$ cat coords36.cif   # mmCIF, C-alpha atoms and all ligand atoms
data_work
#
loop_
_atom_site.label_atom_id
_atom_site.label_comp_id
_atom_site.auth_asym_id
_atom_site.auth_seq_id
_atom_site.Cartn_x
_atom_site.Cartn_y
_atom_site.Cartn_z
CA MET A 284 23.66 -6.45 -17.17
CA LYS A 285 22.35 -8.48 -20.10
CA ASP A 286 20.62 -7.08 -23.22
CA HIS A 287 17.61 -9.31 -22.71
CA TYR A 288 15.74 -10.72 -19.69
CA ASP A 289 12.72 -12.96 -19.37
CA VAL A 290 11.18 -10.39 -17.05
CA ILE A 291 12.03 -6.84 -15.98
CA ILE A 292 10.38 -5.41 -12.88
CA VAL A 293 10.23 -1.64 -12.50
CA GLY A 294 10.29 -0.57 -8.84
CA ALA A 295 11.69 -2.30 -5.76
CA GLY A 296 8.87 -1.75 -3.27
CA PRO A 297 7.12 -4.78 -1.69
CA ALA A 298 5.29 -5.57 -4.96
CA GLY A 299 8.41 -5.43 -7.13
CA SER A 300 10.72 -7.33 -4.80
CA ILE A 301 8.25 -10.17 -4.23
CA ALA A 302 7.65 -10.32 -8.00
CA ALA A 303 11.42 -10.48 -8.61
CA LYS A 304 11.95 -13.14 -5.95
CA THR A 305 9.09 -15.28 -7.30
CA ALA A 306 10.22 -14.89 -10.92
CA ALA A 307 13.77 -15.90 -10.05
CA GLU A 308 12.49 -18.88 -8.07
CA HIS A 309 10.70 -19.95 -11.25
CA ASP A 310 14.04 -19.89 -13.07
CA LEU A 311 13.29 -16.76 -15.07
CA GLU A 312 16.17 -14.42 -16.00
CA THR A 313 14.99 -11.53 -13.84
CA LEU A 314 16.02 -7.88 -13.54
CA LEU A 315 14.67 -5.58 -10.81
CA ILE A 316 15.34 -1.87 -11.34
CA GLU A 317 14.84 0.87 -8.74
CA LYS A 318 15.18 4.60 -9.35
CA ARG A 319 16.24 5.41 -5.80
CA ALA A 320 19.82 5.06 -4.62
CA GLU A 321 18.69 3.24 -1.50
CA ILE A 322 15.88 0.69 -1.51
CA GLY A 323 13.28 1.50 1.14
CA ASN A 324 14.38 5.10 1.68
CA PRO A 325 12.57 7.46 1.98
CA VAL A 326 9.67 5.53 3.43
CA ARG A 327 6.22 6.67 2.39
CA CYS A 328 4.19 4.59 4.75
CA ALA A 329 2.80 4.38 8.29
CA GLU A 330 4.22 0.84 8.28
CA GLY A 331 1.25 -0.97 9.84
CA VAL A 332 0.61 -4.50 8.63
CA GLY A 333 -1.46 -7.56 9.62
CA LYS A 334 0.60 -10.51 10.84
CA GLU A 335 -1.42 -13.13 9.03
CA GLY A 336 -1.03 -11.49 5.61
CA LEU A 337 2.65 -10.84 6.13
CA LYS A 338 3.52 -14.38 7.16
CA GLN A 339 2.46 -15.69 3.77
CA PHE A 340 5.54 -14.02 2.33
CA ILE A 341 8.25 -13.70 4.92
CA LYS A 342 9.23 -15.05 8.32
CA PRO A 343 8.93 -12.29 10.94
CA ASP A 344 12.31 -10.95 12.03
CA LYS A 345 12.79 -8.48 14.87
CA ARG A 346 15.33 -6.52 12.77
CA TRP A 347 12.44 -5.03 10.78
CA ILE A 348 9.67 -5.08 13.40
CA ALA A 349 9.38 -1.76 15.22
CA ALA A 350 6.32 -2.73 17.31
CA ASP A 351 4.22 -5.79 18.00
CA VAL A 352 0.67 -4.49 18.11
CA LYS A 353 -2.13 -6.04 20.17
CA GLY A 354 -5.02 -3.82 19.22
CA ALA A 355 -6.42 -0.52 18.04
CA ARG A 356 -8.13 2.46 19.62
CA ILE A 357 -10.41 4.57 17.50
CA TYR A 358 -11.54 8.04 18.63
CA SER A 359 -14.67 9.66 17.23
CA PRO A 360 -14.74 13.43 16.52
CA GLY A 361 -16.20 14.08 20.00
CA GLY A 362 -13.58 11.85 21.65
CA ILE A 363 -15.58 8.64 22.23
CA LYS A 364 -13.09 5.79 22.40
CA ILE A 365 -13.63 2.38 20.77
CA GLU A 366 -11.09 -0.21 21.76
CA MET A 367 -10.45 -3.35 19.78
CA SER A 368 -7.96 -5.61 21.45
CA GLU A 369 -6.26 -8.89 21.05
CA PHE A 370 -8.09 -12.21 20.71
CA GLY A 371 -5.04 -14.21 19.80
CA PRO A 372 -1.46 -13.57 18.78
CA GLU A 373 -2.36 -12.63 15.20
CA VAL A 374 -2.86 -8.86 15.26
CA GLY A 375 -0.22 -6.74 13.63
CA TYR A 376 3.20 -5.19 13.39
CA VAL A 377 4.51 -1.74 12.79
CA LEU A 378 7.40 -2.36 10.43
CA GLU A 379 10.73 -0.67 9.95
CA ARG A 380 10.26 -0.44 6.21
CA LYS A 381 13.71 0.89 5.50
CA ILE A 382 15.01 -2.50 6.63
CA PHE A 383 12.00 -4.54 5.52
CA ASP A 384 12.00 -3.34 1.89
CA ARG A 385 15.73 -3.89 1.69
CA GLU A 386 15.35 -7.40 3.08
CA LEU A 387 12.74 -8.24 0.42
CA ALA A 388 15.12 -7.01 -2.31
CA LYS A 389 17.94 -9.04 -0.77
CA GLN A 390 15.77 -12.13 -0.87
CA ALA A 391 15.03 -11.46 -4.55
CA ALA A 392 18.76 -11.16 -5.23
CA LYS A 393 19.44 -14.33 -3.26
CA ALA A 394 16.86 -16.18 -5.36
CA GLY A 395 18.82 -15.15 -8.48
CA ALA A 396 17.36 -11.79 -9.60
CA GLU A 397 19.70 -9.03 -10.72
CA VAL A 398 19.05 -5.76 -8.89
CA MET A 399 20.01 -2.31 -10.19
CA VAL A 400 19.53 0.78 -8.02
CA ARG A 401 19.64 4.38 -9.23
CA THR A 402 18.15 3.00 -12.43
CA ARG A 403 15.01 4.75 -13.58
CA ALA A 404 12.66 3.47 -16.29
CA ILE A 405 12.08 6.42 -18.62
CA ALA A 406 9.95 4.73 -21.30
CA LEU A 407 8.83 1.36 -22.61
CA ILE A 408 10.11 -0.38 -25.73
CA LYS A 409 7.15 -1.13 -28.00
CA GLU A 410 7.11 -3.33 -31.10
CA ASP A 411 4.17 -4.75 -33.06
CA GLY A 412 1.68 -3.85 -30.36
CA PHE A 413 3.74 -5.52 -27.62
CA ILE A 414 5.78 -4.12 -24.74
CA ARG A 415 9.24 -5.60 -25.31
CA GLY A 416 11.32 -4.03 -22.55
CA VAL A 417 12.24 -0.71 -20.92
CA LYS A 418 14.37 2.28 -21.69
CA ALA A 419 16.28 3.11 -18.55
CA GLU A 420 18.69 5.68 -17.18
CA ASN A 421 21.48 5.07 -14.71
CA ILE A 422 23.60 7.98 -13.51
CA GLY A 423 23.43 9.86 -16.82
CA ASP A 424 23.63 6.79 -19.08
CA SER A 425 20.53 5.70 -20.95
CA PHE A 426 20.07 2.29 -22.51
CA ASP A 427 17.49 -0.22 -23.73
CA ILE A 428 16.84 -3.51 -21.95
CA GLN A 429 14.69 -6.05 -23.77
CA ALA A 430 12.33 -8.41 -21.94
CA ASP A 431 9.55 -10.87 -22.75
CA VAL A 432 7.46 -9.46 -19.91
CA VAL A 433 7.60 -6.15 -18.01
CA ILE A 434 6.02 -5.87 -14.55
CA GLY A 435 5.17 -2.28 -13.54
CA ALA A 436 5.65 -2.05 -9.76
CA ASP A 437 6.42 1.66 -9.71
CA GLY A 438 3.99 2.66 -6.97
CA VAL A 439 1.31 5.31 -6.67
CA GLU A 440 3.01 7.74 -9.07
CA SER A 441 3.31 4.97 -11.69
CA LYS A 442 4.11 6.01 -15.22
CA VAL A 443 4.57 2.50 -16.58
CA GLY A 444 0.81 1.92 -16.90
CA ARG A 445 0.28 5.20 -18.73
CA TRP A 446 3.22 4.52 -21.09
CA ALA A 447 1.62 1.16 -21.90
CA GLY A 448 -1.71 2.81 -22.71
CA ILE A 449 -3.50 1.73 -19.51
CA ASN A 450 -5.57 4.46 -17.89
CA THR A 451 -4.44 4.72 -14.26
CA THR A 452 -5.57 8.31 -13.71
CA LEU A 453 -7.04 8.96 -10.27
CA LYS A 454 -10.00 11.27 -9.66
CA PRO A 455 -9.42 13.71 -6.77
CA LYS A 456 -11.96 11.82 -4.64
CA ASP A 457 -10.05 8.58 -5.24
CA ILE A 458 -6.79 9.73 -3.73
CA GLU A 459 -5.97 10.34 -0.09
CA THR A 460 -3.19 12.88 0.28
CA CYS A 461 -1.12 12.17 3.35
CA ALA A 462 1.50 13.73 5.58
CA GLN A 463 3.36 12.02 8.38
CA PHE A 464 5.90 12.93 11.04
CA LEU A 465 8.14 10.37 12.65
CA MET A 466 8.02 11.76 16.18
CA THR A 467 10.28 11.00 19.07
CA ASP A 468 10.24 11.75 22.80
CA ILE A 469 6.46 11.34 22.99
CA ASP A 470 4.33 9.17 25.25
CA VAL A 471 2.73 6.41 23.23
CA ASP A 472 1.28 3.02 24.04
CA SER A 473 3.68 0.74 22.19
CA GLU A 474 1.06 -2.00 21.86
CA TYR A 475 -1.81 -0.04 20.33
CA CYS A 476 -2.37 1.75 17.04
CA GLU A 477 -4.61 4.81 17.37
CA PHE A 478 -6.99 6.32 14.83
CA TYR A 479 -8.74 9.71 15.04
CA ILE A 480 -11.77 10.51 12.92
CA GLY A 481 -13.36 13.91 12.29
CA ASN A 482 -13.74 16.62 9.71
CA GLN A 483 -11.74 19.07 11.81
CA ILE A 484 -8.92 16.54 12.13
CA ALA A 485 -8.75 14.94 8.70
CA PRO A 486 -11.67 15.62 6.32
CA GLY A 487 -12.57 12.49 4.39
CA GLY A 488 -9.81 10.47 6.07
CA TYR A 489 -8.32 9.92 9.50
CA ALA A 490 -5.27 10.61 11.60
CA TRP A 491 -3.10 7.79 12.95
CA VAL A 492 -0.52 7.20 15.65
CA PHE A 493 1.41 3.98 14.98
CA PRO A 494 3.96 3.24 17.72
CA LYS A 495 7.56 2.47 16.87
CA GLY A 496 8.77 1.59 20.33
CA LYS A 497 8.02 3.24 23.66
CA LYS A 498 8.73 6.91 22.87
CA GLU A 499 8.42 7.01 19.08
CA ALA A 500 5.58 6.85 16.56
CA ASN A 501 4.50 7.53 13.01
CA VAL A 502 1.99 10.34 13.49
CA GLY A 503 0.18 11.13 10.27
CA LEU A 504 -3.06 11.74 8.49
CA GLY A 505 -4.71 11.42 5.13
CA ILE A 506 -7.42 13.64 3.70
CA SER A 507 -9.65 13.11 0.72
CA GLY A 508 -8.32 14.93 -2.34
CA SER A 509 -11.81 16.26 -3.10
CA ARG A 510 -12.61 17.72 0.32
CA THR A 511 -10.36 20.69 0.96
CA LYS A 512 -7.86 23.04 -0.59
CA LEU A 513 -5.66 22.85 2.50
CA HIS A 514 -2.54 20.70 2.49
CA PRO A 515 -2.56 17.63 4.80
CA ILE A 516 0.53 18.99 6.51
CA ASP A 517 -1.52 21.96 7.79
CA TYR A 518 -3.96 19.54 9.44
CA LEU A 519 -1.11 17.45 10.77
CA LYS A 520 0.65 20.42 12.38
CA ARG A 521 -2.63 21.32 14.09
CA PHE A 522 -3.13 17.73 15.29
CA VAL A 523 0.40 17.43 16.62
CA GLU A 524 0.37 20.82 18.38
CA ARG A 525 -2.64 19.65 20.32
CA LYS A 526 -1.60 16.05 20.98
CA TYR A 527 2.19 16.11 21.26
CA PRO A 528 3.20 19.73 21.89
CA GLU A 529 6.55 18.65 23.35
CA GLY A 530 7.33 16.00 20.70
CA LYS A 531 10.20 16.25 18.25
CA THR A 532 9.89 15.46 14.57
CA ILE A 533 12.82 13.58 13.07
CA GLU A 534 11.37 12.80 9.65
CA ILE A 535 8.59 14.21 7.46
CA ILE A 536 6.97 12.42 4.56
CA VAL A 537 4.17 13.29 2.17
CA GLY A 538 2.51 10.94 -0.28
CA GLY A 539 -0.70 9.70 -1.81
CA VAL A 540 -2.74 6.56 -1.38
CA PRO A 541 -5.02 5.47 -4.23
CA VAL A 542 -8.45 4.70 -2.78
CA THR A 543 -10.20 3.22 -5.77
CA VAL A 544 -10.55 -0.14 -7.48
CA PRO A 545 -8.11 -1.26 -10.16
CA ASN A 546 -9.15 -0.91 -13.74
CA LYS A 547 -7.16 -2.79 -16.36
CA THR A 548 -3.89 -4.33 -15.21
CA THR A 549 -2.54 -6.12 -18.30
CA THR A 550 -1.63 -5.51 -21.90
CA ASN A 551 0.58 -7.36 -24.40
CA GLY A 552 3.86 -8.02 -22.57
CA LEU A 553 3.01 -6.09 -19.40
CA MET A 554 1.34 -6.39 -16.01
CA LEU A 555 0.79 -3.77 -13.29
CA VAL A 556 1.04 -4.70 -9.61
CA GLY A 557 0.61 -3.08 -6.18
CA ASP A 558 -0.02 0.66 -5.99
CA ALA A 559 0.83 1.03 -9.69
CA ALA A 560 -2.32 -1.04 -10.29
CA ARG A 561 -4.27 0.90 -7.58
CA MET A 562 -4.56 -2.08 -5.22
CA SER A 563 -4.49 -0.31 -1.84
CA ASP A 564 -7.50 -0.91 0.37
CA SER A 565 -9.86 2.08 0.07
CA LEU A 566 -11.12 1.76 3.62
CA THR A 567 -7.84 1.44 5.53
CA GLY A 568 -5.34 2.80 3.00
CA GLY A 569 -3.22 -0.33 3.57
CA GLY A 570 -1.45 -1.57 0.47
CA ILE A 571 1.60 -3.60 1.53
CA ILE A 572 -0.03 -7.04 1.59
CA HIS A 573 -1.98 -6.51 -1.62
CA ALA A 574 1.23 -5.31 -3.27
CA MET A 575 3.03 -8.50 -2.27
CA LYS A 576 0.12 -10.74 -3.27
CA SER A 577 -0.21 -9.15 -6.70
CA GLY A 578 3.58 -9.22 -7.24
CA LYS A 579 3.67 -12.94 -6.53
CA ILE A 580 0.72 -13.76 -8.80
CA ALA A 581 2.13 -11.62 -11.63
CA ALA A 582 5.49 -13.40 -11.48
CA GLU A 583 3.86 -16.84 -11.46
CA VAL A 584 1.82 -15.89 -14.53
CA ALA A 585 4.93 -14.40 -16.19
CA SER A 586 6.68 -17.72 -15.68
CA ILE A 587 3.93 -19.62 -17.51
CA ALA A 588 3.79 -17.01 -20.30
CA VAL A 589 7.56 -16.88 -20.84
CA LYS A 590 7.92 -20.66 -20.86
CA ALA A 591 5.02 -20.97 -23.33
CA GLY A 592 6.53 -18.19 -25.49
CA ASP A 593 3.22 -16.29 -25.24
CA PRO A 594 3.28 -12.95 -23.39
CA SER A 595 0.09 -11.78 -25.12
CA VAL A 596 -2.63 -10.00 -23.15
CA GLU A 597 -4.79 -13.13 -23.45
CA SER A 598 -2.11 -15.15 -21.69
CA LEU A 599 -1.38 -12.46 -19.07
CA ASN A 600 -5.08 -12.06 -18.30
CA GLU A 601 -4.63 -15.11 -16.11
CA TYR A 602 -2.99 -12.62 -13.71
CA GLU A 603 -6.13 -10.47 -13.75
CA ARG A 604 -8.34 -13.50 -13.19
CA ARG A 605 -6.25 -14.60 -10.20
CA TRP A 606 -5.93 -11.27 -8.41
CA ILE A 607 -9.64 -10.61 -8.87
CA LEU A 608 -10.35 -13.98 -7.26
CA GLU A 609 -7.97 -13.37 -4.37
CA ILE A 610 -8.36 -9.69 -3.49
CA GLY A 611 -11.06 -8.37 -5.83
CA PRO A 612 -14.05 -8.79 -3.46
CA THR A 613 -12.21 -7.02 -0.58
CA LEU A 614 -11.16 -4.16 -2.84
CA GLN A 615 -14.72 -3.72 -4.11
CA LYS A 616 -16.29 -3.89 -0.64
CA SER A 617 -13.78 -1.46 0.83
CA TYR A 618 -14.35 1.02 -1.99
CA LYS A 619 -18.14 0.94 -1.56
CA ALA A 620 -17.81 1.27 2.22
CA LYS A 621 -15.45 4.24 1.82
CA GLU A 622 -17.90 5.99 -0.51
CA LEU A 623 -20.64 5.53 2.05
CA LEU A 624 -18.61 6.57 5.10
CA LEU A 625 -17.38 9.71 3.33
CA LYS A 626 -20.95 11.02 3.55
CA LEU A 627 -21.11 10.90 7.36
CA ASN A 628 -20.81 14.09 9.38
CA ASP A 629 -19.11 14.42 12.77
CA ALA A 630 -22.35 14.11 14.76
CA GLU A 631 -23.17 10.88 12.92
CA TRP A 632 -19.68 9.50 13.65
CA ASP A 633 -20.16 10.29 17.34
CA SER A 634 -23.52 8.58 17.39
CA LEU A 635 -22.01 5.49 15.69
CA ALA A 636 -19.16 5.39 18.21
CA ALA A 637 -21.58 5.74 21.14
CA SER A 638 -23.58 2.76 19.85
CA ILE A 639 -20.66 0.34 20.22
CA ARG A 640 -18.99 1.75 23.32
CA GLY A 641 -17.64 -1.05 25.49
CA ILE A 642 -18.60 -4.01 23.31
CA ASN A 643 -16.37 -6.97 22.44
CA PHE A 644 -15.67 -7.50 18.79
CA GLU A 645 -15.83 -10.91 17.19
CA GLU A 646 -13.49 -9.94 14.41
CA LEU A 647 -10.58 -7.57 14.85
CA THR A 648 -10.68 -6.01 11.41
CA ALA A 649 -12.13 -2.92 9.75
CA PHE A 650 -14.98 -5.09 8.45
CA GLY A 651 -15.54 -6.60 11.91
CA LEU A 652 -16.03 -3.06 13.21
CA LEU A 653 -18.33 -2.11 10.34
CA LYS A 654 -20.41 -5.22 10.92
CA GLU A 655 -21.05 -4.21 14.54
CA LEU A 656 -21.82 -0.63 13.53
CA ALA A 657 -24.24 -1.72 10.80
CA LEU A 658 -26.03 -4.10 13.19
CA ARG A 659 -26.62 -1.34 15.73
CA ASN A 660 -27.28 1.48 13.25
CA PRO A 661 -29.28 -0.08 10.42
CA LYS A 662 -30.84 3.23 9.35
CA LEU A 663 -27.64 5.26 9.18
CA LEU A 664 -25.62 2.47 7.59
CA TRP A 665 -28.33 0.93 5.42
CA GLY A 666 -26.04 0.90 2.39
CA LEU A 667 -23.50 -1.26 4.20
CA ARG A 668 -25.89 -4.21 4.64
CA SER A 669 -25.23 -5.68 1.23
CA LEU A 670 -21.46 -5.50 1.78
CA LEU A 671 -21.15 -7.36 5.07
C1 LIG B 701 1.47 8.17 4.23
C2 LIG B 701 1.21 6.74 3.84
C3 LIG B 701 0.95 5.81 4.83
C4 LIG B 701 0.72 4.47 4.49
N1 LIG B 701 0.55 3.57 5.49
C5 LIG B 701 0.37 2.26 5.21
C6 LIG B 701 0.25 1.30 6.24
O1 LIG B 701 0.34 1.60 7.43
N2 LIG B 701 0.08 -0.01 5.88
C7 LIG B 701 0.00 -0.41 4.58
O2 LIG B 701 -0.18 -1.61 4.32
N3 LIG B 701 0.13 0.50 3.58
C8 LIG B 701 0.32 1.81 3.85
N4 LIG B 701 0.49 2.72 2.84
C9 LIG B 701 0.47 2.23 1.46
C10 LIG B 701 1.76 1.49 1.13
O3 LIG B 701 2.87 2.32 1.42
C11 LIG B 701 1.76 1.09 -0.34
O4 LIG B 701 0.52 0.46 -0.64
C12 LIG B 701 2.88 0.13 -0.67
O5 LIG B 701 4.14 0.70 -0.45
C13 LIG B 701 2.75 -0.28 -2.13
O6 LIG B 701 3.85 -1.06 -2.50
P1 LIG B 701 4.35 -1.02 -4.02
O7 LIG B 701 5.50 -1.96 -4.08
O8 LIG B 701 3.22 -1.20 -4.93
O9 LIG B 701 4.86 0.48 -4.25
P2 LIG B 701 5.99 1.31 -3.52
O10 LIG B 701 6.27 0.79 -2.18
O11 LIG B 701 5.59 2.74 -3.66
O12 LIG B 701 7.27 1.04 -4.41
C14 LIG B 701 7.39 1.57 -5.72
C15 LIG B 701 8.87 1.65 -6.04
O13 LIG B 701 9.04 1.98 -7.43
C16 LIG B 701 10.11 2.89 -7.56
N5 LIG B 701 9.95 3.58 -8.83
C17 LIG B 701 8.98 4.48 -9.16
N6 LIG B 701 9.13 4.89 -10.44
C18 LIG B 701 10.21 4.23 -10.94
C19 LIG B 701 10.86 4.24 -12.21
N7 LIG B 701 10.44 5.01 -13.22
N8 LIG B 701 11.96 3.46 -12.37
C20 LIG B 701 12.42 2.67 -11.34
N9 LIG B 701 11.84 2.64 -10.11
C21 LIG B 701 10.74 3.39 -9.93
C22 LIG B 701 9.95 3.79 -6.33
O14 LIG B 701 11.13 4.48 -6.04
C23 LIG B 701 9.58 2.76 -5.26
O15 LIG B 701 10.71 2.23 -4.62
C24 LIG B 701 0.72 4.06 3.14
C25 LIG B 701 0.97 5.01 2.13
C26 LIG B 701 1.23 6.33 2.48
C27 LIG B 701 1.51 7.33 1.39
#
$ encode --input "coords36.cif" --output "structure tokens" --more "lines below"
Ligand SMILES: Cc1cc2nc3c(=O)[nH]c(=O)nc-3n(C[C@H](O)[C@H](O)[C@H](O)COP(=O)(O)OP(=O)(O)OC[C@H]3O[C@@H](n4cnc5c(N)ncnc54)[C@H](O)[C@@H]3O)c2cc1C
Amino acid sequence: MKDHYDVIIVGAGPAGSIAAKTAAEHDLETLLIEKRAEIGNPVRCAEGVGKEGLKQFIKPDKRWIAADVKGARIYSPGGIKIEMSEFGPEVGYVLERKIFDRELAKQAAKAGAEVMVRTRAIALIKEDGFIRGVKAENIGDSFDIQADVVIGADGVESKVGRWAGINTTLKPKDIETCAQFLMTDIDVDSEYCEFYIGNQIAPGGYAWVFPKGKKEANVGLGISGSRTKLHPIDYLKRFVERKYPEGKTIEIIVGGVPVTVPNKTTTNGLMLVGDAARMSDSLTGGGIIHAMKSGKIAAEVASIAVKAGDPSVESLNEYERRWILEIGPTLQKSYKAKELLLKLNDAEWDSLAASIRGINFEELTAFGLLKELALRNPKLLWGLRSLL
């Protein structure tokens, strides 16, 4: 380990590893630190991802693809089924993130980044109003590592932003609390992801079944932090008892998904990316692709700033300008749509589902679905018109 790097990245999730790979490819002296002993483990994710978004970053490899998905089935509270199926080969994968995340970190290392696991950032080094590196801890040892630029990729529980004076606090209504079982010995359709909506199932959220092969699936749900005092695991146990009474659970995870829009993401010497910057999609809860996109942009901007010897906020704001251009409109639209859909009751969901029973969708996305719903239910979904 050196005393000084061009860029230090805190957190080796998809955002951090893509940032590290990109920075190293731009010839920056790059250090990626990860607090966990094993990159990618434990997984806090249902592992669903769109093929098109993913292919911008990595060539698909069956070692980290658990299922090749051709469509989705959505069930309303009263059980009305909406099926959205394949129009072409470009639907989605369910990943094996334990292998996927590790592969991304390997690619960063291969590009020239140094990687340190079991190394936790515990504070930032600040001088003259600039972030100049991180204080870190590795198996009982603590030390300072200087850097021209720090990229905070430390996920939903990010502390880096707060240490840098950026307000990343989430209101209860802007966080989905989730629980998930990896279940085995259950009957699942290995080509379809399933979603279940309803206030009895998952108030202010939804339940999912994402297949990982023929007899295995991530079965989970997220509920809005502002809706109930119950823990998501209570809802999940209820869901699973009804749906997979014979299934066996071989892994349990709990975690949060920020469902908001990012606020500030830069300061002197620092950028926030991925979940640390609150870049998950508020409508779907998906954050992997946005994490990778923001990690790549941040590293490209870091490269320009380091080479120009100017890591000031003015210089790093180029990162903010670019992510707003690329993913800002989707984040905004999804947030507004989420706010509107949160107001619907179960009877209204059933009536929406009934209105599109059996139709063919032009666009196999959450917004494609909303477009159809808004067309057929202009009164109920009046607020969506301006978004679609
Ligand atoms: C239950 C659940 C289901 C989800 N399902 C999906 C889905 O199906 N599809 C999808 O696209 N998204 C999903 N998401 C969201 C997705 O998991 C995240 O958006 C994505 O992982 C964000 O990537 P990231 O790199 O920003 O953060 P993370 O993947 O969270 O990585 C952050 C890393 O930083 C490390 N770290 C934290 N603090 C420190 C520190 N102080 N020092 C060093 N390292 C640190 C962590 O250990 C971690 O490895 C889900 C989330 C949850 C909770």
$ closest_atom_pairs --input "coords36.cif" --of "chain A" --to "ligand LIG 701 (chain B)" --cutoff "7 Å" --atoms "all atoms listed in the file" --output "tab-separated table"
residue	atom	partner	partner_atom	distance
A:Val293	CA	B:LIG701	C20	5.0
A:Gly294	CA	B:LIG701	O13	3.2
A:Ala295	CA	B:LIG701	O15	4.8
A:Gly296	CA	B:LIG701	O12	3.4
A:Pro297	CA	B:LIG701	O7	4.0
A:Ala298	CA	B:LIG701	O7	3.7
A:Gly299	CA	B:LIG701	O7	5.5
A:Ile316	CA	B:LIG701	C20	5.4
A:Glu317	CA	B:LIG701	N9	3.7
A:Lys318	CA	B:LIG701	C20	3.9
A:Arg319	CA	B:LIG701	O14	5.2
A:Ile322	CA	B:LIG701	O15	6.2
A:Gly323	CA	B:LIG701	O15	6.3
A:Arg327	CA	B:LIG701	C27	4.9
A:Cys328	CA	B:LIG701	C3	3.5
A:Ala329	CA	B:LIG701	N1	3.7
A:Glu330	CA	B:LIG701	O1	4.0
A:Gly331	CA	B:LIG701	O1	3.6
A:Val332	CA	B:LIG701	O2	5.2
A:Thr402	CA	B:LIG701	C20	5.8
A:Arg403	CA	B:LIG701	N8	3.5
A:Ala404	CA	B:LIG701	N8	4.0
A:Ile405	CA	B:LIG701	N7	5.8
A:Ala436	CA	B:LIG701	O8	5.5
A:Asp437	CA	B:LIG701	O13	3.5
A:Gly438	CA	B:LIG701	O9	3.6
A:Val439	CA	B:LIG701	O11	5.8
A:Glu440	CA	B:LIG701	C17	6.8
A:Ser441	CA	B:LIG701	N6	6.0
A:Lys442	CA	B:LIG701	N7	6.7
A:Cys461	CA	B:LIG701	C1	4.8
A:Ala462	CA	B:LIG701	C1	5.7
A:Gln463	CA	B:LIG701	C1	6.0
A:Gly503	CA	B:LIG701	C1	6.8
A:Ile536	CA	B:LIG701	C1	7.0
A:Val537	CA	B:LIG701	C1	6.1
A:Gly538	CA	B:LIG701	C27	4.1
A:Gly539	CA	B:LIG701	C27	4.6
A:Val540	CA	B:LIG701	C27	5.1
A:Val556	CA	B:LIG701	O8	6.2
A:Gly557	CA	B:LIG701	O8	3.5
A:Asp558	CA	B:LIG701	O8	3.9
A:Ala559	CA	B:LIG701	O8	5.8
A:Ser563	CA	B:LIG701	O4	5.2
A:Gly568	CA	B:LIG701	C8	5.8
A:Gly569	CA	B:LIG701	C7	3.4
A:Gly570	CA	B:LIG701	O4	3.0
A:Ile571	CA	B:LIG701	O2	3.9
A:Ile572	CA	B:LIG701	O2	6.1
A:Ala574	CA	B:LIG701	O8	4.9
$ residues_around --input "coords36.cif" --residues "Leu407 in chain A" --least-positions-apart "3" --cutoff "7 Å" --atoms "only C-alpha atoms" --output "list in words"
Ile414, Gly416, Val417, Lys418 and Trp446 of chain A
$ atom_distance --input "coords36.cif" --atom1 "CA of Ile365 in chain A" --atom2 "CA of Ile639 in chain A"
7.3 Å
$ closest_residue --input "coords36.cif" --among "A:Asn628, A:Val471, A:Thr550, A:Glu534" --to "Lys409 in chain A" --atoms "only C-alpha atoms"
A:Thr550
$ closest_atom_pairs --input "coords36.cif" --of "range 371-427 of chain A" --to "range 576-596 of chain A" --cutoff "10 Å" --atoms "all atoms listed in the file" --output "Markdown table"
| residue | atom | partner | partner_atom | distance |
| --- | --- | --- | --- | --- |
| A:Gly412 | CA | A:Ser595 | CA | 9.6 |
| A:Phe413 | CA | A:Ser595 | CA | 7.7 |
| A:Ile414 | CA | A:Pro594 | CA | 9.3 |
| A:Arg415 | CA | A:Pro594 | CA | 9.7 |
$ closest_residue --input "coords36.cif" --among "A:Lys334, A:Val502, A:Ala560, A:Tyr518" --to "Val443 in chain A" --atoms "only C-alpha atoms"
A:Ala560
$ residues_around --input "coords36.cif" --residues "Arg356 in chain A" --least-positions-apart "3" --cutoff "7 Å" --atoms "all atoms listed in the file" --output "list in words"
Lys364, Ile365, Glu366, Met367, Tyr475, Cys476, Glu477 and Phe478 of chain A
$ write_last_selection --input "coords36.cif" --atoms "C-alpha atoms" --output "PDB file, keeping the file's coordinate frame"
ATOM      1  CA  LYS A 364     -13.090   5.790  22.400  1.00  0.00           C
ATOM      2  CA  ILE A 365     -13.630   2.380  20.770  1.00  0.00           C
ATOM      3  CA  GLU A 366     -11.090  -0.210  21.760  1.00  0.00           C
ATOM      4  CA  MET A 367     -10.450  -3.350  19.780  1.00  0.00           C
ATOM      5  CA  TYR A 475      -1.810  -0.040  20.330  1.00  0.00           C
ATOM      6  CA  CYS A 476      -2.370   1.750  17.040  1.00  0.00           C
ATOM      7  CA  GLU A 477      -4.610   4.810  17.370  1.00  0.00           C
ATOM      8  CA  PHE A 478      -6.990   6.320  14.830  1.00  0.00           C
TER       9      PHE A 478
END
$ closest_residue --input "coords36.cif" --among "A:Ile484, A:Ile291, A:Ile408, A:Ala419" --to "Ala396 in chain A" --atoms "all atoms listed in the file"
A:Ile291
$ residues_around --input "coords36.cif" --residues "range 652-662 of chain A" --least-positions-apart "3" --cutoff "12 Å" --atoms "only C-alpha atoms" --output "count of residues only"
40
$ atom_distance --input "coords36.cif" --atom1 "CA of Lys342 in chain A" --atom2 "CA of Ile301 in chain A"
13.5 Å
$ axis_aligned_box --input "coords36.cif" --around "range 477-490 of chain A" --padding-each-side "5 Å" --output "JSON"
{"center_x": -9.2, "center_y": 11.9, "center_z": 10.9, "size_x": 19.1, "size_y": 24.3, "size_z": 23.0}
